[in-house]
Number of protein chains: 2
Amino acid sequence: MNKPLTFEVKQRSGQTAARLGRIRTLHGEIDTPAFMPVGTQATVKTLTPEEVRSTGAQIILSNTYHLYLRPGHELVRGQGGLHRFMHWDGPILTDSGGFQVFSLAPLRKITEEGATFKSYLDGSTHTLTPEKVMEIENALGADIIMAFDECTPYPCEHDYARSSMERTTRWAERCQAAHLRSDEQSLFGIVQGSTYPDLRREHARRITALDLPGYGIGGLSVGEPKPVMYEILEETVPLLPQDRPRYLMGVGSPDALIEGALRGVDMFDCVLPTRIARHGQAFTSLGKVVIRNAEYGQDPGPLDPACDCYTCRNYSRAYLRHLFKAEEILGLRLVSLHNLRYLGRLMAELRQAIAAGTELAFRESFYAVWGSEDRGRRV
Amino acid sequence: MNKPLTFEVKQRSGQTAARLGRIRTLHGEIDTPAFMPVGTQATVKTLTPEEVRSTGAQIILSNTYHLYLRPGHELVRGQGGLHRFMHWDGPILTDSGGFQVFSLAPLRKITEEGATFKSYLDGSTHTLTPEKVMEIENALGADIIMAFDECTPYPCEHDYARSSMERTTRWAERCQAAHLRSDEQSLFGIVQGSTYPDLRREHARRITALDLPGYGIGGLSVGEPKPVMYEILEETVPLLPQDRPRYLMGVGSPDALIEGALRGVDMFDCVLPTRIARHGQAFTSLGKVVIRNAEYGQDPGPLDPACDCYTCRNYSRAYLRHLFKAEEILGLRLVSLHNLRYLGRLMAELRQAIAAGTELAFRESFYAVWGSEDRGRRV
């Protein structure tokens with residue numbers, strides 16, 4: 001049986017844990033470290049797939065929890081799977097719904113069997129189990145599917161974090177057993193353990209013992225200070241196998257992408273770039289720009305003078321501000337596109353820096369613009 | 001002085017009042033009969049200019065009233081004018097604000113001098129006079145600018161319609177005198193007269209006496225039955241000069257575009273195609289489709305099997321319905337694009353039919369799909 005995913009580490013940094021890699025899936029390749037735009041409801045909000053691709057994105061993430069509730073995984077399966085349904089023919093990763101169940105769903109109840117919760121749409125009661133999540137993710141048909149896990153909140157008692165982590169291990173084993181399309185879809189495990197180094201180390205050993213094609217690092221970016229996240233990465237990543245992709249879940253701020261990559265992370269995802277875009281906040285080479293600010297009212301220059309995206313090539317800050325003031329949808333589109341392009345360029349430049357062995361200098365030049373209050377201890 | 005607009009009638013129908021024409025402006029040509037998408041706030045809602053152009057649109061309309069209030073005409077002038085501000089390098093027409101003042105603005109007061117009203121944005125008081133409207137439209141810099149008029153409601157007493165019409169004539173004369181960029185922008189007059197044939201005939205004579213480069217027909221599509229609108233067109237159009245474009249303001253339903261063109265109208269505009277798109281309603285070759293309807297839930301086919309637009313080439317009705325149910329902006333974009341492409345194709349096919357002398361058969365084939373309850377008397 002051919003593997004539906006291969007991962008090649010092309011180059012390792014001599015100075016940091018950073019590495020350059022390439023993931024090959026049945027729907028295309030991904031150069032790592034990579035940022036994955038999020039298409040929660042089978043659409044990266046406001047954008048077409050062609051626009052998402054134009055930002056440099058090679059893989060997108062979509063959400064099992066949302067698609068299960070609406071339009072339903074069987075409907076998506078009946079429409080030929082998620083790629084065809086949403087008109088994205090590149091690689092897709094689906095999360096497992098674990099994070100959403102534990103962060104979004106009211107009245108949830110967790111047992112060894114699974115998690116019961118009420119739908120945010122109609123209040124109906126649903127139970128997700130490892131087996132059910134595999135059924136859903138198999139129906140959606142993404143290239144990479146995440147195991148069902150419990151994402152612990154921050155802060156979290158050590159005792160609870162341990163018992164939750166142990167259950168997540170058992171759930172991962174059940175996912176592995178229930179996954180019926182391993183010739184087409186690659187199941188990634190998720191390392192939990194909250195902010196406790198001992199639990200992280202133990203869980204990394206337990207989950208990697210399952211010999212899965214890749215590993216997520218979950219339960220971070222849930223409210224803990226960034227230095228804590230970076231420290232946990234330093235404890236966890238070295239215990240993950242060198243020859244498998246490592247995916248830091250839910251992280252997408254520019255500084256954390258750099259810090260994560262320098263600690264050996266290969267993949268990231270976050271709604272941040274598109275969410276803040278819809279509030280008129282842009283990542284730029286000059287730092288963050290809040291386009292509604294009066295100072296941009298008559299600014300004829302582009303959102304980011306260093307950017308090559310459609311927005312920056314064709315529109316002024318004055319016009320973008322007008323669109324936001326006038327509540328015009330085109331504004332949401334243009335800044336969403338720009339923010340994804342910013343991250344697409346950031347990751348491309350970061351990969352170039354890793355290739356050149358200059359990733360530490362790259363980080364310094366980034367902080368020279370963006371500031372560095374909470375960068376954590378130096379890698 | 002070169003004329004900033006020329007109009008060539010390329011062919012006249014032998015069977016109806018329809019004609020094929022071409023308008024040439026400093027920003028490009030327009031094949032007529034033409035539909036103009038509306039970009040109220042300097043953006044055709046949800047779409048980029050490139051997307052608007054891809055629908056076959058050669059000219060767009062923008063609204064003086066809205067742009068005067070936000071972001072302000074002086075700001076637009078300072079940004080290089082409306083074309084550059086909104087990144088549309090083709091022809092633009094700006095309306096005069098007359099319709100908006102009389103339909104949208106609360107607490108308006110009309111005098112011989114002009115119209116005083118409160119801003120819908122902040123309640124501030126503003127007065128638009130013919131001279132002020134010319135100042136605004138000169139600052140915006142559209143290729144075609146409409147004279148400031150009073151748009152009477154439906155129904156309207158004959159006495160009021162007459163006195164309003166006479167004032168509109170005096171305002172048009174004042175606009176003509178105040179228009180300072182006639183080497184770059186072409187001022188169109190507007191024929192009013194409510195639904196009274198005698199007033200329409202009289203006003204057509206009065207306004208055309210100003211020898212303007214084109215004429216709008218205003219005060220229609222304001223609530224009167226379509227047969228009444230068609231009858232008024234039949235009274236009015238023959239009195240307009242053959243060698244000037246005729247623009248039926250605010251009309252954009254497919255049937256009325258055909259009926260208007262067959263009565264000799266060259267230009268149309270309306271928010272209808274983009275507004276109903278944002279409510280999930282699509283014009284199609286099979287009639288109107290309401291994409292939220294349950295019947296489309298698992299429909300793998302395109303929105304309109306006869307359409308060549310990006311939406312119809314790449315997405316299923318099932319996916320479009322999902323986007324609307326999930327309140328995703330991409331759905332608004334995709335149906336807006338389709339509806340404009342539907343009208344773009346409708347106008348192109350109508351022009352072909354006029355060229356071939358088959359426009360009556362074209363109308364019949366349209367009504368065979370769409371029904372014809374209120375088509376008015378036969379032309």
# chains A, B, ... in the order shown; residues from 1 in each chain; ligands from 1
call {"tool": "closest_atom_pairs", "arguments": {"of": "chain B", "to": "chain A", "cutoff": "8 Å", "atoms": "only C-alpha atoms", "output": "tab-separated table"}}
result
residue	atom	partner	partner_atom	distance
B:Gln41	CA	A:Ala326	CA	7.3
B:Thr43	CA	A:Leu330	CA	7.4
B:Lys45	CA	A:Ile329	CA	6.7
B:Thr46	CA	A:Leu330	CA	5.0
B:Leu47	CA	A:Leu330	CA	6.3
B:Thr48	CA	A:Leu330	CA	7.1
B:Arg70	CA	A:Ala326	CA	7.6
B:Pro71	CA	A:His322	CA	6.2
B:Leu75	CA	A:Gln298	CA	6.8
B:Gly78	CA	A:Gln298	CA	7.8
B:Gln79	CA	A:Pro300	CA	6.5
B:Phe85	CA	A:Tyr319	CA	6.2
B:Met86	CA	A:Tyr319	CA	6.9
B:His87	CA	A:Asn314	CA	6.5
B:Gln298	CA	A:Leu75	CA	6.8
B:Pro300	CA	A:Gln79	CA	6.5
B:Asn314	CA	A:His87	CA	6.5
B:Tyr315	CA	A:His87	CA	6.8
B:Ser316	CA	A:Phe85	CA	7.4
B:Ala318	CA	A:Gln79	CA	8.0
B:Tyr319	CA	A:Phe85	CA	6.2
B:His322	CA	A:Pro71	CA	6.2
B:Ala326	CA	A:Gln41	CA	7.3
B:Glu328	CA	A:Lys45	CA	6.7
B:Ile329	CA	A:Thr46	CA	5.0
B:Leu330	CA	A:Thr46	CA	5.0
call {"tool": "residues_around", "arguments": {"residues": "A:Ile217", "least_positions_apart": "2", "cutoff": "8 Å", "atoms": "only C-alpha atoms", "output": "ChimeraX atom specification"}}
result
/A:190-192,215,219-220,246-249
call {"tool": "atom_distance", "arguments": {"atom1": "atom CA of B:Asn339", "atom2": "atom CA of B:Phe283"}}
result
5.7 Å
call {"tool": "residues_around", "arguments": {"residues": "A:Val222", "least_positions_apart": "2", "cutoff": "10 Å", "atoms": "only C-alpha atoms", "output": "ChimeraX atom specification"}}
result
/A:99,103,151-155,194,218-220,224-225,229,250-251
call {"tool": "write_last_selection", "arguments": {"atoms": "C-alpha atoms", "output": "CSV table (one decimal), in the first residue's frame"}}
result
chain,number,residue,atom,x,y,z
A,99,PHE,CA,-10.9,22.0,20.3
A,103,SER,CA,-14.2,25.6,23.6
A,151,CYS,CA,-8.0,20.1,24.4
A,152,THR,CA,-7.5,21.2,28.0
A,153,PRO,CA,-8.1,24.8,29.0
A,154,TYR,CA,-5.5,27.2,30.5
A,155,PRO,CA,-4.9,27.1,33.3
A,194,SER,CA,-1.2,21.3,29.2
A,218,GLY,CA,-2.4,20.7,20.8
A,219,GLY,CA,-3.6,22.6,23.9
A,220,LEU,CA,-1.3,25.6,23.3
A,224,GLU,CA,-1.1,30.9,28.2
A,225,PRO,CA,1.7,33.5,27.8
A,229,MET,CA,4.1,28.1,24.8
A,250,GLY,CA,-4.1,27.1,16.4
A,251,VAL,CA,-1.0,29.4,16.1
call {"tool": "residues_around", "arguments": {"residues": "A:Gly252", "least_positions_apart": "2", "cutoff": "10 Å", "atoms": "only C-alpha atoms", "output": "list in words"}}
result
Phe35, Met36, Pro37, Ser221, Leu248, Met249, Gly250, Pro254, Asp255, Ala256, Leu257, Ile258, Gly260, Phe268, Asp269, Cys270, Val271, Leu272, Pro273 and Leu343 of chain A
call {"tool": "write_last_selection", "arguments": {"atoms": "all heavy atoms", "output": "compact mmCIF listing (two decimals), in the first residue's frame"}}
result
# COMPACT_ATOMS: atom_id res chain seq x y z
N PHE A 35 2.26 27.79 6.77
CA PHE A 35 1.05 28.25 7.45
C PHE A 35 -0.17 27.80 6.65
O PHE A 35 -0.19 27.96 5.42
CB PHE A 35 1.03 29.78 7.59
CG PHE A 35 -0.26 30.27 8.19
CD1 PHE A 35 -0.50 30.13 9.54
CD2 PHE A 35 -1.25 30.82 7.39
CE1 PHE A 35 -1.71 30.53 10.09
CE2 PHE A 35 -2.46 31.23 7.93
CZ PHE A 35 -2.69 31.08 9.30
N MET A 36 -1.17 27.30 7.34
CA MET A 36 -2.39 26.81 6.70
C MET A 36 -3.55 27.77 6.99
O MET A 36 -3.99 27.88 8.14
CB MET A 36 -2.76 25.44 7.25
CG MET A 36 -1.67 24.39 7.07
SD MET A 36 -2.16 22.73 7.64
CE MET A 36 -2.03 22.93 9.42
N PRO A 37 -4.07 28.47 5.99
CA PRO A 37 -5.28 29.28 6.21
C PRO A 37 -6.45 28.37 6.62
O PRO A 37 -6.51 27.21 6.22
CB PRO A 37 -5.53 29.93 4.85
CG PRO A 37 -4.22 29.89 4.14
CD PRO A 37 -3.56 28.62 4.61
N SER A 221 -1.60 27.93 22.83
CA SER A 221 -2.28 29.10 22.28
C SER A 221 -3.73 29.13 22.75
O SER A 221 -4.64 29.46 21.99
CB SER A 221 -2.18 29.12 20.75
OG SER A 221 -2.47 30.41 20.25
N LEU A 248 1.91 22.66 14.98
CA LEU A 248 1.51 23.44 16.15
C LEU A 248 0.13 24.03 15.88
O LEU A 248 -0.03 24.94 15.07
CB LEU A 248 2.54 24.54 16.42
CG LEU A 248 2.23 25.49 17.59
CD1 LEU A 248 1.98 24.73 18.90
CD2 LEU A 248 3.35 26.51 17.76
N MET A 249 -0.85 23.53 16.59
CA MET A 249 -2.25 23.80 16.27
C MET A 249 -2.73 25.15 16.81
O MET A 249 -2.50 25.48 17.97
CB MET A 249 -3.13 22.68 16.82
CG MET A 249 -2.70 21.30 16.31
SD MET A 249 -3.60 19.92 17.04
CE MET A 249 -5.16 20.11 16.19
N GLY A 250 -3.38 25.91 15.94
CA GLY A 250 -4.05 27.14 16.39
C GLY A 250 -3.15 28.34 16.57
O GLY A 250 -3.52 29.29 17.24
N PRO A 254 2.41 36.37 13.60
CA PRO A 254 3.70 36.31 12.89
C PRO A 254 4.86 35.94 13.81
O PRO A 254 5.70 35.10 13.44
CB PRO A 254 3.84 37.73 12.33
CG PRO A 254 2.44 38.21 12.14
CD PRO A 254 1.68 37.62 13.29
N ASP A 255 4.91 36.52 15.01
CA ASP A 255 6.02 36.21 15.91
C ASP A 255 6.02 34.74 16.32
O ASP A 255 7.07 34.09 16.34
CB ASP A 255 6.00 37.13 17.14
CG ASP A 255 4.68 37.09 17.89
OD1 ASP A 255 3.66 36.66 17.30
OD2 ASP A 255 4.65 37.52 19.05
N ALA A 256 4.84 34.21 16.60
CA ALA A 256 4.77 32.82 17.04
C ALA A 256 5.07 31.85 15.91
O ALA A 256 5.58 30.75 16.15
CB ALA A 256 3.39 32.53 17.65
N LEU A 257 4.78 32.25 14.68
CA LEU A 257 5.16 31.40 13.55
C LEU A 257 6.67 31.28 13.46
O LEU A 257 7.22 30.19 13.26
CB LEU A 257 4.59 31.97 12.24
CG LEU A 257 3.07 31.96 12.10
CD1 LEU A 257 2.65 32.67 10.81
CD2 LEU A 257 2.53 30.54 12.09
N ILE A 258 7.34 32.42 13.63
CA ILE A 258 8.80 32.40 13.57
C ILE A 258 9.37 31.60 14.75
O ILE A 258 10.22 30.71 14.57
CB ILE A 258 9.36 33.84 13.57
CG1 ILE A 258 8.90 34.57 12.30
CG2 ILE A 258 10.88 33.83 13.67
CD1 ILE A 258 9.21 36.07 12.30
N GLY A 260 7.97 29.35 16.55
CA GLY A 260 7.65 27.93 16.42
C GLY A 260 8.57 27.24 15.42
O GLY A 260 9.11 26.15 15.68
N PHE A 268 1.48 25.12 10.80
CA PHE A 268 0.71 25.99 11.70
C PHE A 268 -0.65 26.27 11.05
O PHE A 268 -0.77 26.27 9.82
CB PHE A 268 1.40 27.35 11.89
CG PHE A 268 2.82 27.29 12.36
CD1 PHE A 268 3.87 27.13 11.45
CD2 PHE A 268 3.13 27.41 13.71
CE1 PHE A 268 5.19 27.09 11.87
CE2 PHE A 268 4.45 27.38 14.14
CZ PHE A 268 5.48 27.23 13.23
N ASP A 269 -1.62 26.59 11.88
CA ASP A 269 -2.90 27.10 11.36
C ASP A 269 -3.47 28.08 12.35
O ASP A 269 -3.19 28.00 13.56
CB ASP A 269 -3.93 25.98 11.18
CG ASP A 269 -4.63 25.67 12.49
OD1 ASP A 269 -4.00 25.04 13.36
OD2 ASP A 269 -5.78 26.12 12.69
N CYS A 270 -4.28 29.00 11.86
CA CYS A 270 -4.98 29.91 12.77
C CYS A 270 -5.99 30.74 11.98
O CYS A 270 -5.76 31.08 10.81
CB CYS A 270 -3.99 30.84 13.47
SG CYS A 270 -4.68 31.68 14.91
N VAL A 271 -7.09 31.09 12.64
CA VAL A 271 -8.06 32.00 12.02
C VAL A 271 -7.61 33.45 12.15
O VAL A 271 -8.20 34.35 11.54
CB VAL A 271 -9.47 31.87 12.66
CG1 VAL A 271 -10.04 30.48 12.44
CG2 VAL A 271 -9.44 32.23 14.13
N LEU A 272 -6.57 33.70 12.93
CA LEU A 272 -6.18 35.08 13.24
C LEU A 272 -6.05 36.00 12.01
O LEU A 272 -6.66 37.08 12.00
CB LEU A 272 -4.87 35.08 14.03
CG LEU A 272 -4.38 36.45 14.48
CD1 LEU A 272 -5.21 36.96 15.67
CD2 LEU A 272 -2.90 36.40 14.89
N PRO A 273 -5.30 35.62 10.98
CA PRO A 273 -5.10 36.58 9.88
C PRO A 273 -6.40 36.99 9.21
O PRO A 273 -6.55 38.16 8.83
CB PRO A 273 -4.17 35.83 8.91
CG PRO A 273 -4.25 34.39 9.30
CD PRO A 273 -4.55 34.37 10.77
N LEU A 343 1.39 36.50 5.50
CA LEU A 343 1.89 35.28 6.13
C LEU A 343 2.53 34.35 5.10
O LEU A 343 3.52 33.67 5.40
CB LEU A 343 0.78 34.55 6.89
CG LEU A 343 0.26 35.25 8.14
CD1 LEU A 343 -0.66 34.31 8.91
CD2 LEU A 343 1.39 35.73 9.04
call {"tool": "closest_residue", "arguments": {"among": "A:Glu234, A:Gly193, A:Arg53, A:Thr274", "to": "A:Thr40", "atoms": "only C-alpha atoms"}}
result
A:Thr274
call {"tool": "closest_residue", "arguments": {"among": "B:Val369, B:Thr169, B:Pro197, B:Phe117", "to": "B:Val228", "atoms": "only C-alpha atoms"}}
result
B:Pro197
call {"tool": "residues_around", "arguments": {"residues": "B:Leu239", "least_positions_apart": "2", "cutoff": "7 Å", "atoms": "only C-alpha atoms", "output": "ChimeraX atom specification"}}
result
/B:204-205,236-237,241
call {"tool": "decode", "arguments": {"residues": "stretch 59-81 of chain B", "atoms": "N, CA, C and O atoms", "output": "CSV table (one decimal), in the first residue's frame"}}
result
chain,number,residue,atom,x,y,z
B,59,ILE,N,-19.5,49.8,-18.2
B,59,ILE,CA,-19.6,51.1,-17.5
B,59,ILE,C,-20.3,50.7,-16.2
B,59,ILE,O,-21.2,49.8,-16.1
B,60,ILE,N,-20.0,51.5,-15.1
B,60,ILE,CA,-20.6,51.3,-13.9
B,60,ILE,C,-21.2,52.6,-13.4
B,60,ILE,O,-20.8,53.7,-13.9
B,61,LEU,N,-22.2,52.6,-12.5
B,61,LEU,CA,-22.8,53.8,-11.9
B,61,LEU,C,-22.3,53.9,-10.5
B,61,LEU,O,-22.2,52.9,-9.8
B,62,SER,N,-22.1,55.1,-10.1
B,62,SER,CA,-21.9,55.3,-8.6
B,62,SER,C,-22.7,56.5,-8.2
B,62,SER,O,-23.2,57.3,-9.0
B,63,ASN,N,-23.0,56.6,-6.9
B,63,ASN,CA,-24.0,57.5,-6.3
B,63,ASN,C,-23.4,58.7,-5.7
B,63,ASN,O,-22.7,58.7,-4.7
B,64,THR,N,-23.8,59.8,-6.3
B,64,THR,CA,-23.4,61.2,-5.8
B,64,THR,C,-23.7,61.4,-4.3
B,64,THR,O,-22.9,61.9,-3.5
B,65,TYR,N,-25.0,61.1,-4.0
B,65,TYR,CA,-25.5,61.3,-2.7
B,65,TYR,C,-24.6,60.6,-1.6
B,65,TYR,O,-24.2,61.2,-0.6
B,66,HIS,N,-24.4,59.3,-1.8
B,66,HIS,CA,-23.6,58.5,-0.9
B,66,HIS,C,-22.2,59.0,-0.8
B,66,HIS,O,-21.6,59.2,0.3
B,67,LEU,N,-21.6,59.3,-1.9
B,67,LEU,CA,-20.1,59.6,-1.9
B,67,LEU,C,-19.9,61.0,-1.4
B,67,LEU,O,-18.9,61.3,-0.8
B,68,TYR,N,-20.9,61.9,-1.6
B,68,TYR,CA,-20.9,63.2,-1.0
B,68,TYR,C,-20.9,63.1,0.5
B,68,TYR,O,-20.1,63.8,1.2
B,69,LEU,N,-21.7,62.3,1.1
B,69,LEU,CA,-21.8,62.1,2.5
B,69,LEU,C,-20.6,61.3,3.1
B,69,LEU,O,-20.1,61.6,4.2
B,70,ARG,N,-20.1,60.4,2.3
B,70,ARG,CA,-19.0,59.5,2.8
B,70,ARG,C,-18.3,58.9,1.6
B,70,ARG,O,-19.0,58.2,0.9
B,71,PRO,N,-17.1,59.1,1.3
B,71,PRO,CA,-16.1,59.7,2.1
B,71,PRO,C,-16.0,61.2,1.9
B,71,PRO,O,-15.2,61.9,2.5
B,72,GLY,N,-16.8,61.8,1.0
B,72,GLY,CA,-16.8,63.2,0.7
B,72,GLY,C,-16.1,63.4,-0.7
B,72,GLY,O,-15.1,62.8,-1.0
B,73,HIS,N,-16.7,64.3,-1.5
B,73,HIS,CA,-16.2,64.4,-2.8
B,73,HIS,C,-14.8,65.0,-2.9
B,73,HIS,O,-14.0,64.7,-3.8
B,74,GLU,N,-14.5,65.9,-1.9
B,74,GLU,CA,-13.2,66.5,-1.9
B,74,GLU,C,-12.1,65.4,-1.7
B,74,GLU,O,-11.0,65.5,-2.2
B,75,LEU,N,-12.4,64.5,-0.8
B,75,LEU,CA,-11.5,63.4,-0.5
B,75,LEU,C,-11.3,62.6,-1.8
B,75,LEU,O,-10.1,62.3,-2.2
B,76,VAL,N,-12.3,62.3,-2.5
B,76,VAL,CA,-12.2,61.5,-3.7
B,76,VAL,C,-11.4,62.3,-4.8
B,76,VAL,O,-10.5,61.8,-5.4
B,77,ARG,N,-11.7,63.6,-4.9
B,77,ARG,CA,-10.9,64.4,-5.8
B,77,ARG,C,-9.4,64.4,-5.4
B,77,ARG,O,-8.5,64.3,-6.3
B,78,GLY,N,-9.1,64.5,-4.1
B,78,GLY,CA,-7.8,64.5,-3.7
B,78,GLY,C,-7.1,63.2,-3.9
B,78,GLY,O,-5.8,63.1,-4.0
B,79,GLN,N,-7.8,62.1,-4.1
B,79,GLN,CA,-7.2,60.8,-4.4
B,79,GLN,C,-7.2,60.5,-5.9
B,79,GLN,O,-6.9,59.4,-6.3
B,80,GLY,N,-7.4,61.6,-6.6
B,80,GLY,CA,-7.2,61.4,-8.1
B,80,GLY,C,-8.5,61.1,-8.8
B,80,GLY,O,-8.5,60.8,-10.0
B,81,GLY,N,-9.6,61.3,-8.1
B,81,GLY,CA,-10.9,61.1,-8.8
B,81,GLY,C,-11.4,59.7,-8.5
B,81,GLY,O,-10.7,58.8,-8.1
